[in-house]
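What follows is a short report on a single structure.
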Amino acid sequence: MKTVALVGYGYWGPNLLRNYIELPQAWVEWLCDTRPEALAKAKGRYPAVKGTTDYDVVLSDPKVDAVVIATPISTHFPLAKAALLAGKHVFVEKPMTGSTTEAQELVALSDKLGLTLMVGHTFVFSPPVHKVKQIIDSGELGDIFFVTSSRVNLGLHQKDVSVVWDLAPHDLSILHYWLNETPNKVAVSGRACINPGIPDVAFINLGFPSGIVAELQVSWLSPVKLRRTIVVGSKKMLLYDDTETVEKVKIFDHGVDFKEPETFGEYQLSYRTGDIVSPKIAGTEPLGLEATHFLDCLETGKRPITDGAAGLSVVASLEAADYSLRHDGVTRPIDTAKVTDVAARGTVGGAG
Ligand SMILES: NC(=O)c1ccc[n+]([C@@H]2O[C@H](COP(=O)([O-])OP(=O)(O)OC[C@H]3O[C@@H](n4cnc5c(N)ncnc54)[C@H](O)[C@@H]3O)[C@@H](O)[C@H]2O)c1
């Protein structure tokens with residue numbers, strides 16, 4: 001059994017705490033939050049968990065094996081670094097840090113100290129996302145041409161970060177997991193419609209070294225909730241709609257074949273619209289799988305699927321996207337050399 005401390009009990013922390021409490025292989029010793037009222041709220045529900053507003057109390061407790069961080073983005077780096085230096089394994093919520101430099105420092109530090117560093121890329125542990133990964137890896141879709149996605153709803157406007165840093169980590173981590181590569185360029189247009197200086201809608205265009213292109217729409221302003229991703233391949237096409245209750249993934253045997261002219265003449269296109277198949281997908285909660293994976297990595301010393309390198313890949317893309325958004329949509333290269341050097345040491349496997 002591993003002893004865990006949770007830091008941050010705001011909107012997301014309660015979900016993490018519930019999942020760690022429910023797992024028999026974890027014991028939650030501490031809950032740390034700078035707001036005493038957050039601790040009081042948790043105490044009513046989980047009386048056995050000790051509460052503190054002082055992070056040093058958590059770090060100086062030798063019983064604590066790992067720290068789970070669910071605080072605002074700007075605090076991820078100092079809290080995670082202090083935990084690693086105190087000899088604790090770290091799980092930190094997405095995005096791993098607020099800059100590539102910070103992300104690289106955490107990756108290097110966890111490697112040097114031999115401690116686990118895992119990032120809360122929750123969707124990588126979601127059964128439909130895992131199913132799509134299997135489908136892509138099987139070659140059923142053929143070569144991937146492009147991906148489009150919409151992650152929009154009337155969402156909670158964040159006070160400190162743009163919608164890019166808040167919502168795009170989900171799609172970027174999904175793409176990193178599915179395609180096993182980091183984009184090498186990004187161009188973003190967007191607008192701060194409500195709160196001046198904090199963009200709440202963005203259209204993110206990505207290019208990958210393999211030639212794949214992707215467009216991600218993220219917004220906190222939309223009349224409907226969309227969580228819809230389309231993957232178009234040379235053989236088949238796929239729709240992943242996370243708002244569906246049952247048929248979240250559909251594979252379309254649709255495509256267009258290009259026939260080279262045999263003689264000097266016109267080329268021909270043949271259109272194919274075949275079966276639409278929806279595979280059976282387990283309804284397991286991603287957060288439970290994510291927490292189980294973290295504890296399993298602590299036990300076995302395995303590198304997490306969403307390790308520091310995966311976190312760094314997402315942060316590098318976010319940083320470049322943010323630059324483009326603030327510079328009139330200029331195409332910004334992503335320095336993949338920095339990212340892949342580290343990512344090459346990571347392992348990308350099946351969730352759970
Ligand atoms: N994986 C997911 O699907 C998912 C979903 C939502 C949020 N998140 C992530 O979770 C993190 C937290 O988001 P949130 O919406 O819960 O934020 P929030 O502002 O609602 O809660 C943050 C909590 O951290 C506490 N806090 C701040 N600084 C602290 C410090 N130095 N020490 C201890 N406690 C501190 C605050 O008092 C607050 O209770 C963010 O990184 C966010 O991106 C992840």
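Residues are referred to by chain and number: the chain letter is A, B, ... according to the order shown in the structure tokens, the number counts from 1 in that chain, and ligands are numbered separately from 1 in the order shown.
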Could you build a table of the residues in chain A lying no more than 9 Å from ligand 1, giving for each the nearest pair of atoms and their separation in Å rounded to one decimal place, using only C-alpha atoms and all ligand atoms, ordered by chain and ascending residue number, as JSON lines?
```
{"residue": "A:Leu6", "atom": "CA", "partner": "ligand 1", "partner_atom_place_in_ligand_line": "33 (C)", "distance": 9.0}
{"residue": "A:Val7", "atom": "CA", "partner": "ligand 1", "partner_atom_place_in_ligand_line": "33 (C)", "distance": 5.3}
{"residue": "A:Gly8", "atom": "CA", "partner": "ligand 1", "partner_atom_place_in_ligand_line": "24 (O)", "distance": 3.5}
{"residue": "A:Tyr9", "atom": "CA", "partner": "ligand 1", "partner_atom_place_in_ligand_line": "39 (O)", "distance": 4.3}
{"residue": "A:Gly10", "atom": "CA", "partner": "ligand 1", "partner_atom_place_in_ligand_line": "21 (O)", "distance": 3.3}
{"residue": "A:Tyr11", "atom": "CA", "partner": "ligand 1", "partner_atom_place_in_ligand_line": "16 (O)", "distance": 3.6}
{"residue": "A:Trp12", "atom": "CA", "partner": "ligand 1", "partner_atom_place_in_ligand_line": "16 (O)", "distance": 3.6}
{"residue": "A:Gly13", "atom": "CA", "partner": "ligand 1", "partner_atom_place_in_ligand_line": "16 (O)", "distance": 5.5}
{"residue": "A:Pro14", "atom": "CA", "partner": "ligand 1", "partner_atom_place_in_ligand_line": "16 (O)", "distance": 8.2}
{"residue": "A:Leu31", "atom": "CA", "partner": "ligand 1", "partner_atom_place_in_ligand_line": "33 (C)", "distance": 8.8}
{"residue": "A:Cys32", "atom": "CA", "partner": "ligand 1", "partner_atom_place_in_ligand_line": "33 (C)", "distance": 5.4}
{"residue": "A:Asp33", "atom": "CA", "partner": "ligand 1", "partner_atom_place_in_ligand_line": "34 (N)", "distance": 3.5}
{"residue": "A:Thr34", "atom": "CA", "partner": "ligand 1", "partner_atom_place_in_ligand_line": "34 (N)", "distance": 4.5}
{"residue": "A:Arg35", "atom": "CA", "partner": "ligand 1", "partner_atom_place_in_ligand_line": "37 (O)", "distance": 4.8}
{"residue": "A:Pro36", "atom": "CA", "partner": "ligand 1", "partner_atom_place_in_ligand_line": "37 (O)", "distance": 8.4}
{"residue": "A:Glu37", "atom": "CA", "partner": "ligand 1", "partner_atom_place_in_ligand_line": "39 (O)", "distance": 8.8}
{"residue": "A:Ala38", "atom": "CA", "partner": "ligand 1", "partner_atom_place_in_ligand_line": "39 (O)", "distance": 6.1}
{"residue": "A:Leu39", "atom": "CA", "partner": "ligand 1", "partner_atom_place_in_ligand_line": "39 (O)", "distance": 8.7}
{"residue": "A:Thr52", "atom": "CA", "partner": "ligand 1", "partner_atom_place_in_ligand_line": "33 (C)", "distance": 8.9}
{"residue": "A:Thr53", "atom": "CA", "partner": "ligand 1", "partner_atom_place_in_ligand_line": "33 (C)", "distance": 6.6}
{"residue": "A:Asp54", "atom": "CA", "partner": "ligand 1", "partner_atom_place_in_ligand_line": "32 (N)", "distance": 7.6}
{"residue": "A:Tyr55", "atom": "CA", "partner": "ligand 1", "partner_atom_place_in_ligand_line": "32 (N)", "distance": 6.3}
{"residue": "A:Ile69", "atom": "CA", "partner": "ligand 1", "partner_atom_place_in_ligand_line": "11 (C)", "distance": 7.5}
{"residue": "A:Ala70", "atom": "CA", "partner": "ligand 1", "partner_atom_place_in_ligand_line": "11 (C)", "distance": 4.2}
{"residue": "A:Thr71", "atom": "CA", "partner": "ligand 1", "partner_atom_place_in_ligand_line": "24 (O)", "distance": 3.8}
{"residue": "A:Pro72", "atom": "CA", "partner": "ligand 1", "partner_atom_place_in_ligand_line": "40 (C)", "distance": 4.8}
{"residue": "A:Ile73", "atom": "CA", "partner": "ligand 1", "partner_atom_place_in_ligand_line": "41 (O)", "distance": 4.7}
{"residue": "A:Ser74", "atom": "CA", "partner": "ligand 1", "partner_atom_place_in_ligand_line": "41 (O)", "distance": 8.4}
{"residue": "A:Thr75", "atom": "CA", "partner": "ligand 1", "partner_atom_place_in_ligand_line": "31 (N)", "distance": 6.0}
{"residue": "A:His76", "atom": "CA", "partner": "ligand 1", "partner_atom_place_in_ligand_line": "41 (O)", "distance": 7.3}
{"residue": "A:Pro78", "atom": "CA", "partner": "ligand 1", "partner_atom_place_in_ligand_line": "31 (N)", "distance": 8.4}
{"residue": "A:Leu79", "atom": "CA", "partner": "ligand 1", "partner_atom_place_in_ligand_line": "31 (N)", "distance": 6.9}
{"residue": "A:Val92", "atom": "CA", "partner": "ligand 1", "partner_atom_place_in_ligand_line": "41 (O)", "distance": 7.6}
{"residue": "A:Glu93", "atom": "CA", "partner": "ligand 1", "partner_atom_place_in_ligand_line": "41 (O)", "distance": 4.8}
{"residue": "A:Lys94", "atom": "CA", "partner": "ligand 1", "partner_atom_place_in_ligand_line": "43 (O)", "distance": 5.0}
{"residue": "A:Pro95", "atom": "CA", "partner": "ligand 1", "partner_atom_place_in_ligand_line": "43 (O)", "distance": 6.0}
{"residue": "A:Met96", "atom": "CA", "partner": "ligand 1", "partner_atom_place_in_ligand_line": "41 (O)", "distance": 7.7}
{"residue": "A:Thr97", "atom": "CA", "partner": "ligand 1", "partner_atom_place_in_ligand_line": "41 (O)", "distance": 8.6}
{"residue": "A:Val119", "atom": "CA", "partner": "ligand 1", "partner_atom_place_in_ligand_line": "1 (N)", "distance": 8.8}
{"residue": "A:Gly120", "atom": "CA", "partner": "ligand 1", "partner_atom_place_in_ligand_line": "1 (N)", "distance": 5.2}
{"residue": "A:His121", "atom": "CA", "partner": "ligand 1", "partner_atom_place_in_ligand_line": "1 (N)", "distance": 5.8}
{"residue": "A:Thr122", "atom": "CA", "partner": "ligand 1", "partner_atom_place_in_ligand_line": "1 (N)", "distance": 4.9}
{"residue": "A:Phe123", "atom": "CA", "partner": "ligand 1", "partner_atom_place_in_ligand_line": "3 (O)", "distance": 7.3}
{"residue": "A:Leu156", "atom": "CA", "partner": "ligand 1", "partner_atom_place_in_ligand_line": "15 (O)", "distance": 8.9}
{"residue": "A:Gln158", "atom": "CA", "partner": "ligand 1", "partner_atom_place_in_ligand_line": "15 (O)", "distance": 8.2}
{"residue": "A:Trp165", "atom": "CA", "partner": "ligand 1", "partner_atom_place_in_ligand_line": "43 (O)", "distance": 7.8}
{"residue": "A:Asp166", "atom": "CA", "partner": "ligand 1", "partner_atom_place_in_ligand_line": "43 (O)", "distance": 5.7}
{"residue": "A:Leu167", "atom": "CA", "partner": "ligand 1", "partner_atom_place_in_ligand_line": "43 (O)", "distance": 8.0}
{"residue": "A:Pro169", "atom": "CA", "partner": "ligand 1", "partner_atom_place_in_ligand_line": "43 (O)", "distance": 8.4}
{"residue": "A:His170", "atom": "CA", "partner": "ligand 1", "partner_atom_place_in_ligand_line": "3 (O)", "distance": 7.4}
{"residue": "A:Leu287", "atom": "CA", "partner": "ligand 1", "partner_atom_place_in_ligand_line": "1 (N)", "distance": 8.2}
```
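Of the residues in region 95-193 of chain A, those given strand (DSSP E or B) by DSSP on the backbone are Leu117, Met118, Val119, Gly120, Ile144, Phe145, Phe146, Val147, Thr148, Ser149, Ser150, Arg151, Val152, Lys185, Val186, Ala187, Val188, Ser189, Gly190 and Arg191 of chain A.
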Query - Nearby residues (only C-alpha atoms) at most 10 Å from Lys259 (chain A), same-chain spacing under 2 positions excluded, as an NGL selection string - result: :A and (256-257 or 261-262 or 266-270)
Could you save those same residues with N, CA, C and O atoms as an mmCIF file, in the first residue's frame?
```
data_model
loop_
_atom_site.group_PDB
_atom_site.id
_atom_site.type_symbol
_atom_site.label_atom_id
_atom_site.label_comp_id
_atom_site.auth_asym_id
_atom_site.auth_seq_id
_atom_site.Cartn_x
_atom_site.Cartn_y
_atom_site.Cartn_z
ATOM 1 N N VAL A 256 -12.296 7.732 -50.336
ATOM 2 C CA VAL A 256 -12.210 8.112 -51.752
ATOM 3 C C VAL A 256 -10.910 7.551 -52.292
ATOM 4 O O VAL A 256 -9.842 7.791 -51.711
ATOM 5 N N ASP A 257 -11.001 6.762 -53.347
ATOM 6 C CA ASP A 257 -9.783 6.190 -53.944
ATOM 7 C C ASP A 257 -9.418 6.949 -55.206
ATOM 8 O O ASP A 257 -10.279 7.273 -56.031
ATOM 9 N N PRO A 261 -4.443 7.670 -64.005
ATOM 10 C CA PRO A 261 -4.850 7.340 -65.384
ATOM 11 C C PRO A 261 -3.867 6.341 -65.995
ATOM 12 O O PRO A 261 -2.666 6.462 -65.791
ATOM 13 N N GLU A 262 -4.419 5.309 -66.676
ATOM 14 C CA GLU A 262 -3.532 4.300 -67.261
ATOM 15 C C GLU A 262 -2.784 4.860 -68.466
ATOM 16 O O GLU A 262 -1.625 4.582 -68.690
ATOM 17 N N GLU A 266 -7.596 11.561 -68.027
ATOM 18 C CA GLU A 266 -8.058 12.109 -66.762
ATOM 19 C C GLU A 266 -7.969 11.069 -65.648
ATOM 20 O O GLU A 266 -8.261 9.891 -65.866
ATOM 21 N N TYR A 267 -7.576 11.493 -64.443
ATOM 22 C CA TYR A 267 -7.588 10.569 -63.299
ATOM 23 C C TYR A 267 -9.040 10.323 -62.882
ATOM 24 O O TYR A 267 -9.942 11.062 -63.266
ATOM 25 N N GLN A 268 -9.232 9.268 -62.088
ATOM 26 C CA GLN A 268 -10.601 8.955 -61.634
ATOM 27 C C GLN A 268 -10.649 8.861 -60.119
ATOM 28 O O GLN A 268 -9.701 8.375 -59.501
ATOM 29 N N LEU A 269 -11.755 9.314 -59.550
ATOM 30 C CA LEU A 269 -11.960 9.159 -58.116
ATOM 31 C C LEU A 269 -13.121 8.202 -57.917
ATOM 32 O O LEU A 269 -14.155 8.341 -58.555
ATOM 33 N N SER A 270 -12.929 7.187 -57.037
ATOM 34 C CA SER A 270 -14.085 6.336 -56.753
ATOM 35 C C SER A 270 -14.452 6.486 -55.280
ATOM 36 O O SER A 270 -13.596 6.382 -54.400
#
```
Report task. Taking the DSSP assignment computed from this structure's backbone, write out as a count of residues only all residues of region 3-76 of chain A that belong to alpha helix (DSSP H). Result -> 29
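Using only C-alpha atoms, the contacts of region 312-316 of chain A at a cut-off of 6 Å, with sequence neighbours closer than 6 positions omitted, comprise Thr100, Ala103, Leu172 and Val339 of chain A.
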With a cut-off of 8 Å, could you pull out the residues of region 141-162 of chain A touching region 207-228 of chain A and give me the nearest pair of atoms for each, distance in Å to one decimal, using only C-alpha atoms, ordered by chain and ascending number, as JSON lines?
```
{"residue": "A:Ile144", "atom": "CA", "partner": "A:Ile212", "partner_atom": "CA", "distance": 6.6}
{"residue": "A:Phe145", "atom": "CA", "partner": "A:Ile212", "partner_atom": "CA", "distance": 5.4}
{"residue": "A:Phe146", "atom": "CA", "partner": "A:Val213", "partner_atom": "CA", "distance": 4.9}
{"residue": "A:Val147", "atom": "CA", "partner": "A:Ala214", "partner_atom": "CA", "distance": 4.6}
{"residue": "A:Thr148", "atom": "CA", "partner": "A:Glu215", "partner_atom": "CA", "distance": 4.8}
{"residue": "A:Ser149", "atom": "CA", "partner": "A:Leu216", "partner_atom": "CA", "distance": 4.9}
{"residue": "A:Ser150", "atom": "CA", "partner": "A:Gln217", "partner_atom": "CA", "distance": 4.7}
{"residue": "A:Arg151", "atom": "CA", "partner": "A:Arg227", "partner_atom": "CA", "distance": 4.8}
{"residue": "A:Val152", "atom": "CA", "partner": "A:Ser219", "partner_atom": "CA", "distance": 4.6}
{"residue": "A:Asn153", "atom": "CA", "partner": "A:Lys225", "partner_atom": "CA", "distance": 4.2}
{"residue": "A:Leu154", "atom": "CA", "partner": "A:Leu221", "partner_atom": "CA", "distance": 4.8}
{"residue": "A:Gly155", "atom": "CA", "partner": "A:Trp220", "partner_atom": "CA", "distance": 4.2}
{"residue": "A:Leu156", "atom": "CA", "partner": "A:Trp220", "partner_atom": "CA", "distance": 6.6}
{"residue": "A:His157", "atom": "CA", "partner": "A:Trp220", "partner_atom": "CA", "distance": 6.5}
```
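For region 290-297 of chain A, the set of protein, DNA and RNA residues having any atom at most 7 Å away, when counting only C-alpha atoms and skipping those fewer than 5 positions along the same chain, is Tyr20, Thr122, Phe125, Lys302, Arg303, Pro304 and Gly352 of chain A.
Omitting Asp253 (chain A) and its sequence neighbours fewer than 2 positions away, and counting only C-alpha atoms, the residues within 10 Å are A:Glu140, A:Leu141, A:Lys235, A:Lys236, A:Met237, A:Leu238, A:Lys250, A:Ile251, A:Gly255, A:Arg272, A:Thr273, A:Gly274, A:Asp275, A:Ile276, A:Val277.
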The selected residues should be written to file as a PDB file, in the first residue's frame (atoms: C-alpha atoms).
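Contents of result_22.pdb, as written:
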```pdb
ATOM      1  CA  GLU A 140      -7.660  -0.323 -39.854  1.00  0.00           C
ATOM      2  CA  LEU A 141      -7.922   3.379 -40.754  1.00  0.00           C
ATOM      3  CA  LYS A 235      -8.776   3.420 -45.636  1.00  0.00           C
ATOM      4  CA  LYS A 236     -11.503   4.384 -43.143  1.00  0.00           C
ATOM      5  CA  MET A 237     -12.741   7.303 -41.054  1.00  0.00           C
ATOM      6  CA  LEU A 238     -13.657   7.468 -37.385  1.00  0.00           C
ATOM      7  CA  LYS A 250     -17.975   4.854 -34.815  1.00  0.00           C
ATOM      8  CA  ILE A 251     -15.817   3.542 -37.646  1.00  0.00           C
ATOM      9  CA  GLY A 255     -13.262   6.780 -48.404  1.00  0.00           C
ATOM     10  CA  ARG A 272     -16.915   4.294 -51.140  1.00  0.00           C
ATOM     11  CA  THR A 273     -19.629   4.426 -48.437  1.00  0.00           C
ATOM     12  CA  GLY A 274     -19.762   1.100 -46.619  1.00  0.00           C
ATOM     13  CA  ASP A 275     -20.620  -0.135 -43.131  1.00  0.00           C
ATOM     14  CA  ILE A 276     -20.627   1.963 -39.974  1.00  0.00           C
ATOM     15  CA  VAL A 277     -19.483  -0.054 -36.960  1.00  0.00           C
TER      16      VAL A 277
END
```
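Closest approach to Ala321 (chain A) among A:Pro62, A:Gly197, A:Pro286, A:Pro183 is made by A:Pro183 (distances from only C-alpha atoms).
Nearest to Val4 (chain A) of all the residues A:Val107, A:Leu179, A:Val163, A:Leu298 is A:Leu298, counting only C-alpha atoms.
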Report task. Please provide as a PyMOL selection string all residues within 9 Å of region 325-335 of chain A, with the sequence filter that same-chain residues fewer than 5 positions apart are discarded (counting only C-alpha atoms). Result -> chain A and resi 182-191+199+202+204-205+316-317+319-320
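CA of Ala66 (chain A) is found 7.5 Å from CA of Phe91 (chain A).
Here CA of Leu59 (chain A) stands at a distance of 21.6 Å from CA of Arg18 (chain A).
In this structure, CA of Thr116 (chain A) sits 26.9 Å away from CA of Ala42 (chain A).
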